[in-house]
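> I am sharing model_39.pdb, which consists of PDB, C-alpha atoms:
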ATOM      1  CA  GLU A   1      86.335  82.060  -1.809
ATOM      2  CA  LYS A   2      89.345  84.259  -2.417
ATOM      3  CA  ALA A   3      90.299  82.086  -5.388
ATOM      4  CA  ASP A   4      87.059  83.112  -7.113
ATOM      5  CA  GLN A   5      88.508  86.471  -8.003
ATOM      6  CA  SER A   6      91.094  84.988 -10.356
ATOM      7  CA  LYS A   7      88.522  82.839 -12.141
ATOM      8  CA  PRO A   8      86.824  83.907 -15.398
ATOM      9  CA  ILE A   9      83.317  85.316 -15.165
ATOM     10  CA  GLU A  10      80.775  83.253 -17.099
ATOM     11  CA  ILE A  11      77.304  84.549 -17.961
ATOM     12  CA  ASN A  12      74.385  82.563 -19.344
ATOM     13  CA  ALA A  13      71.186  84.340 -20.447
ATOM     14  CA  ASN A  14      68.329  84.270 -22.929
ATOM     15  CA  SER A  15      69.830  87.144 -24.929
ATOM     16  CA  GLY A  16      72.691  89.586 -24.846
ATOM     17  CA  THR A  17      73.588  92.932 -26.406
ATOM     18  CA  LEU A  18      77.160  94.210 -26.692
ATOM     19  CA  ASP A  19      77.167  98.002 -27.098
ATOM     20  CA  GLN A  20      80.602  98.812 -28.432
ATOM     21  CA  LEU A  21      80.119 102.570 -28.281
ATOM     22  CA  LYS A  22      79.099 102.603 -24.620
ATOM     23  CA  GLY A  23      81.475  99.760 -23.800
ATOM     24  CA  HIS A  24      78.975  97.650 -21.920
ATOM     25  CA  THR A  25      77.038  94.423 -22.370
ATOM     26  CA  VAL A  26      73.431  93.841 -21.325
ATOM     27  CA  TRP A  27      72.236  90.306 -20.592
ATOM     28  CA  GLU A  28      68.551  89.615 -20.208
ATOM     29  CA  GLY A  29      66.273  86.717 -19.322
ATOM     30  CA  ASN A  30      67.090  84.154 -16.609
ATOM     31  CA  VAL A  31      70.635  85.467 -16.234
ATOM     32  CA  VAL A  32      73.169  83.350 -14.314
ATOM     33  CA  VAL A  33      76.596  84.840 -13.540
ATOM     34  CA  THR A  34      79.253  82.505 -12.162
ATOM     35  CA  GLN A  35      82.835  83.187 -11.101
ATOM     36  CA  GLY A  36      84.367  80.228  -9.328
ATOM     37  CA  THR A  37      82.006  79.504  -6.417
ATOM     38  CA  LEU A  38      80.286  82.900  -6.697
ATOM     39  CA  ARG A  39      76.915  82.598  -8.422
ATOM     40  CA  VAL A  40      74.415  85.407  -9.113
ATOM     41  CA  ASN A  41      70.897  84.925 -10.516
ATOM     42  CA  ALA A  42      68.975  87.910 -11.909
ATOM     43  CA  ASP A  43      66.565  89.014 -14.635
ATOM     44  CA  ARG A  44      68.916  91.577 -16.135
ATOM     45  CA  VAL A  45      72.664  92.105 -15.847
ATOM     46  CA  VAL A  46      74.764  94.950 -17.220
ATOM     47  CA  VAL A  47      78.520  94.326 -17.396
ATOM     48  CA  THR A  48      80.784  97.306 -17.878
ATOM     49  CA  ARG A  49      84.473  96.949 -18.510
ATOM     50  CA  ASP A  50      86.969  99.802 -18.355
ATOM     51  CA  ASP A  51      90.023  99.971 -20.552
ATOM     52  CA  LYS A  52      92.124  98.256 -17.855
ATOM     53  CA  GLY A  53      89.753  95.297 -17.957
ATOM     54  CA  ASN A  54      88.165  95.976 -14.556
ATOM     55  CA  GLN A  55      84.568  94.848 -14.532
ATOM     56  CA  THR A  56      81.477  96.129 -12.779
ATOM     57  CA  VAL A  57      78.349  94.003 -12.799
ATOM     58  CA  GLN A  58      74.903  95.459 -12.087
ATOM     59  CA  ALA A  59      72.196  92.851 -11.602
ATOM     60  CA  THR A  60      68.527  93.732 -11.256
ATOM     61  CA  GLY A  61      65.296  91.812 -11.160
ATOM     62  CA  LYS A  62      62.289  90.888  -9.065
ATOM     63  CA  VAL A  63      64.788  89.274  -6.749
ATOM     64  CA  VAL A  64      68.508  89.032  -7.320
ATOM     65  CA  THR A  65      70.236  86.237  -5.459
ATOM     66  CA  PHE A  66      73.889  85.509  -4.925
ATOM     67  CA  ARG A  67      75.750  82.674  -3.337
ATOM     68  CA  GLN A  68      79.440  82.132  -2.593
ATOM     69  CA  LYS A  69      81.417  79.466  -0.739
ATOM     70  CA  MET A  70      83.280  80.717   2.274
ATOM     71  CA  ASP A  71      87.029  80.446   2.397
ATOM     72  CA  GLY A  72      88.343  77.277   4.025
ATOM     73  CA  LYS A  73      84.875  76.146   5.174
ATOM     74  CA  ASP A  74      82.236  74.007   3.598
ATOM     75  CA  GLU A  75      79.751  76.814   4.207
ATOM     76  CA  TYR A  76      78.073  79.257   1.897
ATOM     77  CA  ILE A  77      77.183  82.877   2.236
ATOM     78  CA  GLU A  78      73.934  83.713   0.484
ATOM     79  CA  GLY A  79      72.227  87.016  -0.205
ATOM     80  CA  GLN A  80      69.266  88.484  -2.027
ATOM     81  CA  ALA A  81      67.973  91.951  -2.885
ATOM     82  CA  SER A  82      66.261  93.861  -5.666
ATOM     83  CA  ARG A  83      69.570  94.954  -7.046
ATOM     84  CA  LEU A  84      73.209  93.936  -6.763
ATOM     85  CA  ASP A  85      76.203  96.015  -7.823
ATOM     86  CA  TYR A  86      79.486  94.122  -7.930
ATOM     87  CA  THR A  87      82.773  95.952  -8.486
ATOM     88  CA  GLY A  88      85.637  93.642  -9.351
ATOM     89  CA  ILE A  89      88.484  95.949  -8.434
ATOM     90  CA  THR A  90      87.218  96.536  -4.877
ATOM     91  CA  ASN A  91      85.672  93.048  -4.517
ATOM     92  CA  THR A  92      82.520  94.729  -3.234
ATOM     93  CA  ALA A  93      78.953  93.571  -3.753
ATOM     94  CA  VAL A  94      76.316  96.113  -2.725
ATOM     95  CA  LEU A  95      72.821  94.673  -2.245
ATOM     96  CA  THR A  96      70.092  97.283  -2.396
ATOM     97  CA  GLY A  97      66.383  97.045  -1.665
ATOM     98  CA  ASN A  98      65.023  94.548   0.852
ATOM     99  CA  ALA A  99      68.498  93.103   1.242
ATOM    100  CA  ARG A 100      69.236  89.918   3.133
ATOM    101  CA  VAL A 101      72.499  88.066   3.740
ATOM    102  CA  LYS A 102      72.715  84.679   5.376
ATOM    103  CA  ARG A 103      76.046  83.284   6.508
ATOM    104  CA  GLY A 104      75.908  79.832   7.944
ATOM    105  CA  GLU A 105      72.897  80.178  10.258
ATOM    106  CA  ASP A 106      73.320  83.928  10.897
ATOM    107  CA  LEU A 107      70.966  86.289   9.076
ATOM    108  CA  VAL A 108      71.164  90.029   8.431
ATOM    109  CA  ILE A 109      68.303  92.116   6.996
ATOM    110  CA  GLY A 110      68.458  95.777   5.969
ATOM    111  CA  ASP A 111      67.910  98.196   3.126
ATOM    112  CA  VAL A 112      71.509  98.217   1.841
ATOM    113  CA  ILE A 113      74.109  95.565   2.612
ATOM    114  CA  THR A 114      77.674  96.014   1.425
ATOM    115  CA  TYR A 115      79.510  92.701   1.253
ATOM    116  CA  ASN A 116      83.238  92.340   0.583
ATOM    117  CA  THR A 117      83.868  89.096  -1.293
ATOM    118  CA  GLN A 118      87.590  89.252  -0.427
ATOM    119  CA  SER A 119      87.366  89.692   3.343
ATOM    120  CA  GLN A 120      83.862  88.143   3.441
ATOM    121  CA  THR A 121      82.629  90.867   5.778
ATOM    122  CA  TYR A 122      79.439  92.916   5.377
ATOM    123  CA  GLN A 123      78.030  96.245   6.482
ATOM    124  CA  VAL A 124      74.293  96.894   6.850
ATOM    125  CA  LYS A 125      72.262 100.111   6.575
ATOM    126  CA  GLY A 126      68.638 100.381   7.621
ATOM    127  CA  GLY A 127      67.639 102.878   4.991
ATOM    128  CA  ALA A 128      64.940 105.566   5.276
ATOM    129  CA  ALA A 129      62.600 105.614   8.258
ATOM    130  CA  THR A 130      59.717 105.349   5.830
ATOM    131  CA  GLY A 131      61.238 102.270   4.231
ATOM    132  CA  PRO A 132      59.940  98.708   4.677
ATOM    133  CA  ASN A 133      62.320  98.127   7.574
ATOM    134  CA  LYS A 134      61.463 101.514   9.111
ATOM    135  CA  GLY A 135      65.133 102.495   8.943
ATOM    136  CA  ARG A 136      66.044  99.551  11.108
ATOM    137  CA  ILE A 137      68.292  96.589  10.538
ATOM    138  CA  THR A 138      67.800  93.076  11.843
ATOM    139  CA  VAL A 139      70.620  90.743  12.756
ATOM    140  CA  ILE A 140      70.020  87.180  13.898
ATOM    141  CA  LEU A 141      73.110  85.492  15.294
ATOM    142  CA  GLN A 142      72.824  81.827  16.190
ATOM    143  CA  PRO A 143      74.328  80.767  19.522
ATOM    144  CA  GLN A 144      77.702  79.135  19.154
ATOM    145  CA  THR A 145      77.614  75.497  20.230
ATOM    146  CA  THR A 146      80.395  74.936  22.782
ATOM    147  CA  GLY A 147      83.859  74.573  21.417
ATOM    148  CA  GLN A 148      82.976  76.122  18.029
ATOM    149  CA  GLN A 149      84.859  79.231  17.130
ATOM    150  CA  PRO A 150      82.784  82.028  15.553
TER     151      PRO A 150
ATOM    152  CA  MET B   1      41.306  96.841-126.356
ATOM    153  CA  ILE B   2      44.838  97.979-127.115
ATOM    154  CA  LEU B   3      44.000 101.327-125.577
ATOM    155  CA  ARG B   4      42.981  99.639-122.314
ATOM    156  CA  ALA B   5      46.124  97.546-122.256
ATOM    157  CA  GLN B   6      48.238 100.650-122.696
ATOM    158  CA  ARG B   7      46.463 102.335-119.803
ATOM    159  CA  LEU B   8      46.749  99.295-117.477
ATOM    160  CA  PHE B   9      50.424  98.568-118.185
ATOM    161  CA  PRO B  10      51.935 101.253-115.849
ATOM    162  CA  ILE B  11      49.650 100.211-113.002
ATOM    163  CA  VAL B  12      50.598  96.589-113.387
ATOM    164  CA  LEU B  13      54.247  97.571-113.629
ATOM    165  CA  LEU B  14      53.950  99.606-110.432
ATOM    166  CA  ALA B  15      52.273  96.741-108.581
ATOM    167  CA  LEU B  16      54.924  94.278-109.729
ATOM    168  CA  THR B  17      57.738  96.593-108.594
ATOM    169  CA  GLY B  18      56.046  97.043-105.225
ATOM    170  CA  LEU B  19      55.723  93.292-104.774
ATOM    171  CA  LEU B  20      59.325  92.796-105.798
ATOM    172  CA  THR B  21      60.499  95.398-103.249
ATOM    173  CA  PHE B  22      58.451  93.791-100.459
ATOM    174  CA  TRP B  23      59.752  90.335-101.352
ATOM    175  CA  LEU B  24      63.361  91.540-101.428
ATOM    176  CA  ASP B  25      62.869  93.256 -98.083
ATOM    177  CA  GLN B  26      61.499  90.072 -96.527
ATOM    178  CA  ILE B  27      64.255  87.772 -97.710
ATOM    179  CA  SER B  28      67.024  90.228 -96.860
ATOM    180  CA  ARG B  29      65.832  90.825 -93.292
ATOM    181  CA  TRP B  30      67.813  88.426 -91.082
ATOM    182  CA  THR B  31      66.377  87.922 -87.677
ATOM    183  CA  PRO B  32      68.775  85.733 -85.765
ATOM    184  CA  GLU B  33      67.210  82.689 -84.330
ATOM    185  CA  THR B  34      67.368  83.390 -80.549
ATOM    186  CA  ARG B  35      67.544  80.196 -78.661
ATOM    187  CA  ALA B  36      66.600  80.718 -74.979
ATOM    188  CA  LEU B  37      69.655  80.169 -72.728
ATOM    189  CA  ASP B  38      69.569  77.204 -70.397
ATOM    190  CA  PRO B  39      68.438  78.782 -67.067
ATOM    191  CA  ASN B  40      70.459  76.188 -65.146
ATOM    192  CA  LYS B  41      73.716  77.035 -66.808
ATOM    193  CA  PRO B  42      75.616  80.246 -66.024
ATOM    194  CA  GLU B  43      75.370  82.947 -68.643
ATOM    195  CA  PHE B  44      78.894  84.064 -67.801
ATOM    196  CA  VAL B  45      81.681  83.057 -65.399
ATOM    197  CA  ALA B  46      84.619  85.050 -64.018
ATOM    198  CA  GLU B  47      87.631  83.545 -62.264
ATOM    199  CA  HIS B  48      89.766  85.208 -59.524
ATOM    200  CA  PHE B  49      88.041  88.509 -59.665
ATOM    201  CA  THR B  50      87.975  91.596 -57.449
ATOM    202  CA  ALA B  51      85.362  94.359 -57.573
ATOM    203  CA  LEU B  52      85.949  97.718 -55.837
ATOM    204  CA  ARG B  53      83.489 100.470 -54.982
ATOM    205  CA  TYR B  54      84.768 103.926 -54.119
ATOM    206  CA  ASP B  55      83.239 106.610 -51.913
ATOM    207  CA  THR B  56      82.793 110.219 -52.925
ATOM    208  CA  THR B  57      86.312 111.092 -51.731
ATOM    209  CA  GLY B  58      87.813 108.401 -53.934
ATOM    210  CA  LYS B  59      88.639 106.021 -51.101
ATOM    211  CA  VAL B  60      87.698 102.354 -51.254
ATOM    212  CA  GLN B  61      84.263 101.793 -49.694
ATOM    213  CA  ASP B  62      83.584  98.093 -50.426
ATOM    214  CA  GLN B  63      85.740  95.414 -51.920
ATOM    215  CA  LEU B  64      84.344  92.083 -53.077
ATOM    216  CA  SER B  65      86.643  89.337 -54.322
ATOM    217  CA  ALA B  66      86.182  85.646 -55.046
ATOM    218  CA  GLN B  67      87.876  82.689 -56.644
ATOM    219  CA  ARG B  68      84.969  82.245 -59.013
ATOM    220  CA  MET B  69      81.837  84.219 -59.806
ATOM    221  CA  TRP B  70      78.966  83.324 -62.102
ATOM    222  CA  GLN B  71      75.510  84.555 -63.020
ATOM    223  CA  TYR B  72      72.489  82.712 -64.410
ATOM    224  CA  PRO B  73      70.484  84.129 -67.342
ATOM    225  CA  GLY B  74      67.916  86.701 -66.292
ATOM    226  CA  LYS B  75      68.864  86.545 -62.596
ATOM    227  CA  ASP B  76      70.088  89.484 -60.460
ATOM    228  CA  ASP B  77      72.133  87.345 -58.083
ATOM    229  CA  LEU B  78      75.831  86.810 -58.579
ATOM    230  CA  PHE B  79      77.111  83.530 -57.132
ATOM    231  CA  PHE B  80      80.590  83.036 -55.696
ATOM    232  CA  ASP B  81      83.109  80.485 -54.605
ATOM    233  CA  ALA B  82      85.295  81.655 -51.681
ATOM    234  CA  PRO B  83      83.878  85.179 -51.518
ATOM    235  CA  ALA B  84      85.561  87.845 -49.375
ATOM    236  CA  LEU B  85      83.792  91.123 -48.681
ATOM    237  CA  GLN B  86      85.642  94.018 -47.077
ATOM    238  CA  ILE B  87      83.874  97.127 -45.809
ATOM    239  CA  PHE B  88      85.853 100.336 -45.345
ATOM    240  CA  ALA B  89      85.092 103.693 -43.785
ATOM    241  CA  ALA B  90      87.296 106.588 -44.859
ATOM    242  CA  GLY B  91      89.665 104.000 -46.286
ATOM    243  CA  VAL B  92      90.010 102.146 -42.965
ATOM    244  CA  LEU B  93      88.937  98.485 -42.873
ATOM    245  CA  GLN B  94      85.819  98.174 -40.712
ATOM    246  CA  TYR B  95      85.166  94.503 -41.201
ATOM    247  CA  ASP B  96      85.903  91.590 -43.440
ATOM    248  CA  VAL B  97      83.469  88.747 -44.150
ATOM    249  CA  ARG B  98      84.448  85.461 -45.783
ATOM    250  CA  GLY B  99      82.661  82.231 -46.603
ATOM    251  CA  GLN B 100      83.124  79.098 -48.668
ATOM    252  CA  THR B 101      80.298  80.102 -50.968
ATOM    253  CA  GLY B 102      77.969  83.051 -51.270
ATOM    254  CA  ARG B 103      75.857  85.252 -53.467
ATOM    255  CA  TYR B 104      75.270  88.989 -53.947
ATOM    256  CA  ASN B 105      72.350  90.957 -55.370
ATOM    257  CA  ASN B 106      73.481  94.214 -56.906
ATOM    258  CA  LYS B 107      69.991  95.726 -56.831
ATOM    259  CA  THR B 108      69.224  95.076 -53.169
ATOM    260  CA  ARG B 109      72.936  95.268 -52.190
ATOM    261  CA  GLN B 110      72.437  92.222 -49.989
ATOM    262  CA  ALA B 111      75.231  89.680 -49.677
ATOM    263  CA  PHE B 112      74.761  86.143 -48.402
ATOM    264  CA  PHE B 113      77.634  83.990 -47.147
ATOM    265  CA  ASP B 114      77.443  80.277 -46.633
ATOM    266  CA  ARG B 115      79.492  77.492 -44.982
ATOM    267  CA  GLN B 116      82.242  78.410 -42.520
ATOM    268  CA  VAL B 117      81.559  82.093 -42.460
ATOM    269  CA  THR B 118      83.867  84.428 -40.546
ATOM    270  CA  LEU B 119      83.287  88.091 -39.849
ATOM    271  CA  PHE B 120      86.449  89.808 -38.651
ATOM    272  CA  LYS B 121      86.610  93.324 -37.214
ATOM    273  CA  PRO B 122      90.148  94.544 -36.507
ATOM    274  CA  ALA B 123      91.031  96.072 -33.156
ATOM    275  CA  ASP B 124      91.028  99.862 -32.909
ATOM    276  CA  ALA B 125      92.172 102.347 -30.287
ATOM    277  CA  GLN B 126      89.174 101.637 -28.028
ATOM    278  CA  ARG B 127      88.148  98.107 -28.775
ATOM    279  CA  PRO B 128      89.761  94.700 -29.059
ATOM    280  CA  GLU B 129      89.514  92.592 -32.189
ATOM    281  CA  THR B 130      86.165  90.908 -32.812
ATOM    282  CA  ARG B 131      85.687  87.662 -34.740
ATOM    283  CA  VAL B 132      82.318  86.056 -35.445
ATOM    284  CA  ASP B 133      82.198  82.429 -36.677
ATOM    285  CA  THR B 134      78.983  80.902 -37.964
ATOM    286  CA  SER B 135      77.628  78.788 -40.815
ATOM    287  CA  VAL B 136      75.417  81.342 -42.557
ATOM    288  CA  MET B 137      75.434  85.155 -42.647
ATOM    289  CA  TYR B 138      73.536  87.950 -44.406
ATOM    290  CA  VAL B 139      75.195  91.310 -44.901
ATOM    291  CA  ASP B 140      73.302  94.435 -45.932
ATOM    292  CA  LEU B 141      75.891  96.710 -47.486
ATOM    293  CA  ASP B 142      73.726  99.808 -47.453
ATOM    294  CA  LYS B 143      72.567  99.596 -43.847
ATOM    295  CA  ARG B 144      75.905  98.098 -42.685
ATOM    296  CA  LEU B 145      74.073  95.264 -40.922
ATOM    297  CA  ALA B 146      75.175  91.629 -40.551
ATOM    298  CA  ARG B 147      72.860  88.933 -39.185
ATOM    299  CA  SER B 148      72.445  85.209 -38.845
ATOM    300  CA  ALA B 149      69.894  82.881 -37.296
ATOM    301  CA  ALA B 150      72.413  80.052 -36.938
ATOM    302  CA  PRO B 151      74.574  79.182 -33.911
ATOM    303  CA  VAL B 152      77.450  81.641 -33.624
ATOM    304  CA  THR B 153      80.720  81.937 -31.699
ATOM    305  CA  ILE B 154      82.141  85.395 -31.034
ATOM    306  CA  HIS B 155      85.674  86.128 -29.884
ATOM    307  CA  TYR B 156      85.847  89.639 -28.440
ATOM    308  CA  GLY B 157      89.346  90.248 -27.152
ATOM    309  CA  THR B 158      89.950  87.465 -24.591
ATOM    310  CA  SER B 159      86.222  86.855 -24.036
ATOM    311  CA  VAL B 160      84.247  84.220 -25.916
ATOM    312  CA  ALA B 161      80.502  84.415 -26.400
ATOM    313  CA  ARG B 162      78.117  81.911 -27.958
ATOM    314  CA  SER B 163      74.469  82.182 -28.948
ATOM    315  CA  VAL B 164      71.898  81.071 -31.447
ATOM    316  CA  GLY B 165      71.404  83.929 -33.897
ATOM    317  CA  PHE B 166      72.953  87.392 -33.851
ATOM    318  CA  THR B 167      72.632  90.809 -35.439
ATOM    319  CA  TYR B 168      75.466  93.320 -35.794
ATOM    320  CA  ASP B 169      74.809  96.975 -36.556
ATOM    321  CA  GLN B 170      78.180  98.371 -37.460
ATOM    322  CA  ARG B 171      77.195 102.049 -37.391
ATOM    323  CA  ALA B 172      75.515 101.826 -33.967
ATOM    324  CA  GLY B 173      78.225  99.448 -32.699
ATOM    325  CA  LEU B 174      75.539  97.063 -31.432
ATOM    326  CA  LEU B 175      76.063  93.304 -31.403
ATOM    327  CA  LYS B 176      72.926  91.402 -30.287
ATOM    328  CA  LEU B 177      72.970  87.741 -29.299
ATOM    329  CA  LEU B 178      69.432  86.601 -29.980
ATOM    330  CA  SER B 179      69.006  83.475 -27.818
ATOM    331  CA  ASN B 180      70.835  80.992 -25.632
ATOM    332  CA  ALA B 181      73.464  83.634 -25.003
ATOM    333  CA  ARG B 182      76.582  82.641 -23.097
ATOM    334  CA  VAL B 183      79.855  84.480 -22.473
ATOM    335  CA  VAL B 184      83.082  83.787 -20.614
ATOM    336  CA  TYR B 185      85.021  86.894 -19.668
ATOM    337  CA  ALA B 186      88.572  85.637 -19.292
ATOM    338  CA  LYS B 187      90.715  87.450 -16.732
TER     339      LYS B 187
END
Do you think you could lay out the structure here as structure tokens?


Amino acid sequence: EKADQSKPIEINANSGTLDQLKGHTVWEGNVVVTQGTLRVNADRVVVTRDDKGNQTVQATGKVVTFRQKMDGKDEYIEGQASRLDYTGITNTAVLTGNARVKRGEDLVIGDVITYNTQSQTYQVKGGAATGPNKGRITVILQPQTTGQQP
Amino acid sequence: MILRAQRLFPIVLLALTGLLTFWLDQISRWTPETRALDPNKPEFVAEHFTALRYDTTGKVQDQLSAQRMWQYPGKDDLFFDAPALQIFAAGVLQYDVRGQTGRYNNKTRQAFFDRQVTLFKPADAQRPETRVDTSVMYVDLDKRLARSAAPVTIHYGTSVARSVGFTYDQRAGLLKLLSNARVVYAK
């Protein structure tokens, strides 16, 4: 939801390291990042904060998952990949490596999916021809039942 | 017989004088009766004291103050009520540690703070103020390390982190939350 962006970011993990010289924090072990309805699960998360307070979150792990409630609907958008880079100032979450995003019943699969948490739109790239998806993307759109707006 | 007596007299006289000297020496030597101090009672106590250590350029390096300090006989540790330790670098306060009680070992240069311990690091040009609250903390003055195995709350600017156990390496600028780490980055 749009309101998520104004909410504080909360992180729970097994351990954390704040590196004052580099200005970033590393969280490791069953890491859960929440901001309003947005929720990210990963093995390792690095949070960097610039001097204006803008945050970037880089989540990695065997599988990184994220979930966020859609604006004005009781529906969730869910995604997973090997890595997720979230940039607060541009509201962009980039899922890299065997990326999948599911919105309602629609499903998108590709190598890199760029998802905008503000506009709740996403862009998919197939990746290299030698990649697991052979450079292709897959989009599964469920038929609209009559009278239901997309 | 008289001849023998005359010959023995100086020897006897010499022996008597020797004995007299030894006896006088013994009774005049006063060895104070040293009664062992009670190990459970402080050997000395100081009230409202401040100790300063200077670096090679003459600037304050460490400052340790307390309401009350005492030491037990034969022990290296100094014990404190309301200790406050301040660590400086080039005369600038790096951090300040306070507790309700504590102790310090001058040989190992290890300080221990107990009950309502607060480590405070003032803000500088790059970083916001940092405050660490816990119940127990060790500080190694030589290595500039602070650590605790107890639950800790850390205020870092507007963010609040909690964990069980932490280590803080001042020189490397590394603060590690050892387990059950949790942070809220406020907007």

> Would you pick out the contacts of Arg127 (chain B) at 10 Å or less, using only C-alpha atoms, so that residues sharing its chain but fewer than 6 positions from it are not included, and give the list as a PyMOL selection string?

(chain A and resi 20-21+23+51) or (chain B and resi 121+156-157)

> Taking all atoms listed in the file into account, find every residue of chain B that has an atom no more than 9 Å from chain A, and write it out as a PyMOL selection string.

chain B and resi 126-127+163+172-187

> Could you state the separation of CA of Arg162 (chain B) and CA of Val132 (chain B) in Å, given to one decimal place?

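Separation between CA of Arg162 (chain B) and CA of Val132 (chain B): 9.5 Å.
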
> Using the file's own x, y and z axes, so that the box edges lie along x, y and z, what centre and edge lengths in Å (one decimal) does a box around every listed atom of region 20-29 of chain A get when 3 Å is added on each side? Give it as AutoDock Vina command-line options.


--center_x 73.9 --center_y 94.7 --center_z -23.9 --size_x 21.2 --size_y 21.9 --size_z 15.1

> For the file shown, report as a list of chain:residue names the outcome of the PyMOL selection byres ((chain A and resi 66) around 7) at residue level.

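Matching residues under the PyMOL selection byres ((chain A and resi 66) around 7) are A:Arg39, A:Val40, A:Asn41, A:Val64, A:Thr65, A:Arg67, A:Gln68, A:Glu78, A:Gly79, A:Gln80.
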
> When you look at Leu141 (chain B) with a cut-off of 8 Å (counting all atoms listed in the file), what residues show up, excluding the ones that are within fewer than 5 positions of it in the same chain? I need them as an MDAnalysis selection string.

chainID B and resid 109:111

> For the file shown, report as a list in words the outcome of the PyMOL selection byres ((chain A and resi 102) around 10) at residue level.

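Matching residues under the PyMOL selection byres ((chain A and resi 102) around 10) are Arg67, Tyr76, Ile77, Glu78, Gly79, Gln80, Arg100, Val101, Arg103, Gly104, Glu105, Asp106, Leu107, Val108, Ile109, Val139, Ile140 and Leu141 of chain A.
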
> What would the file look like if the residues just selected were written as a PDB file, in the coordinates of the input with C-alpha atoms?


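File produced: out-v1.pdb:
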ATOM      1  CA  ARG A  67      75.750  82.674  -3.337  1.00  0.00           C
ATOM      2  CA  TYR A  76      78.073  79.257   1.897  1.00  0.00           C
ATOM      3  CA  ILE A  77      77.183  82.877   2.236  1.00  0.00           C
ATOM      4  CA  GLU A  78      73.934  83.713   0.484  1.00  0.00           C
ATOM      5  CA  GLY A  79      72.227  87.016  -0.205  1.00  0.00           C
ATOM      6  CA  GLN A  80      69.266  88.484  -2.027  1.00  0.00           C
ATOM      7  CA  ARG A 100      69.236  89.918   3.133  1.00  0.00           C
ATOM      8  CA  VAL A 101      72.499  88.066   3.740  1.00  0.00           C
ATOM      9  CA  ARG A 103      76.046  83.284   6.508  1.00  0.00           C
ATOM     10  CA  GLY A 104      75.908  79.832   7.944  1.00  0.00           C
ATOM     11  CA  GLU A 105      72.897  80.178  10.258  1.00  0.00           C
ATOM     12  CA  ASP A 106      73.320  83.928  10.897  1.00  0.00           C
ATOM     13  CA  LEU A 107      70.966  86.289   9.076  1.00  0.00           C
ATOM     14  CA  VAL A 108      71.164  90.029   8.431  1.00  0.00           C
ATOM     15  CA  ILE A 109      68.303  92.116   6.996  1.00  0.00           C
ATOM     16  CA  VAL A 139      70.620  90.743  12.756  1.00  0.00           C
ATOM     17  CA  ILE A 140      70.020  87.180  13.898  1.00  0.00           C
ATOM     18  CA  LEU A 141      73.110  85.492  15.294  1.00  0.00           C
TER      19      LEU A 141
END
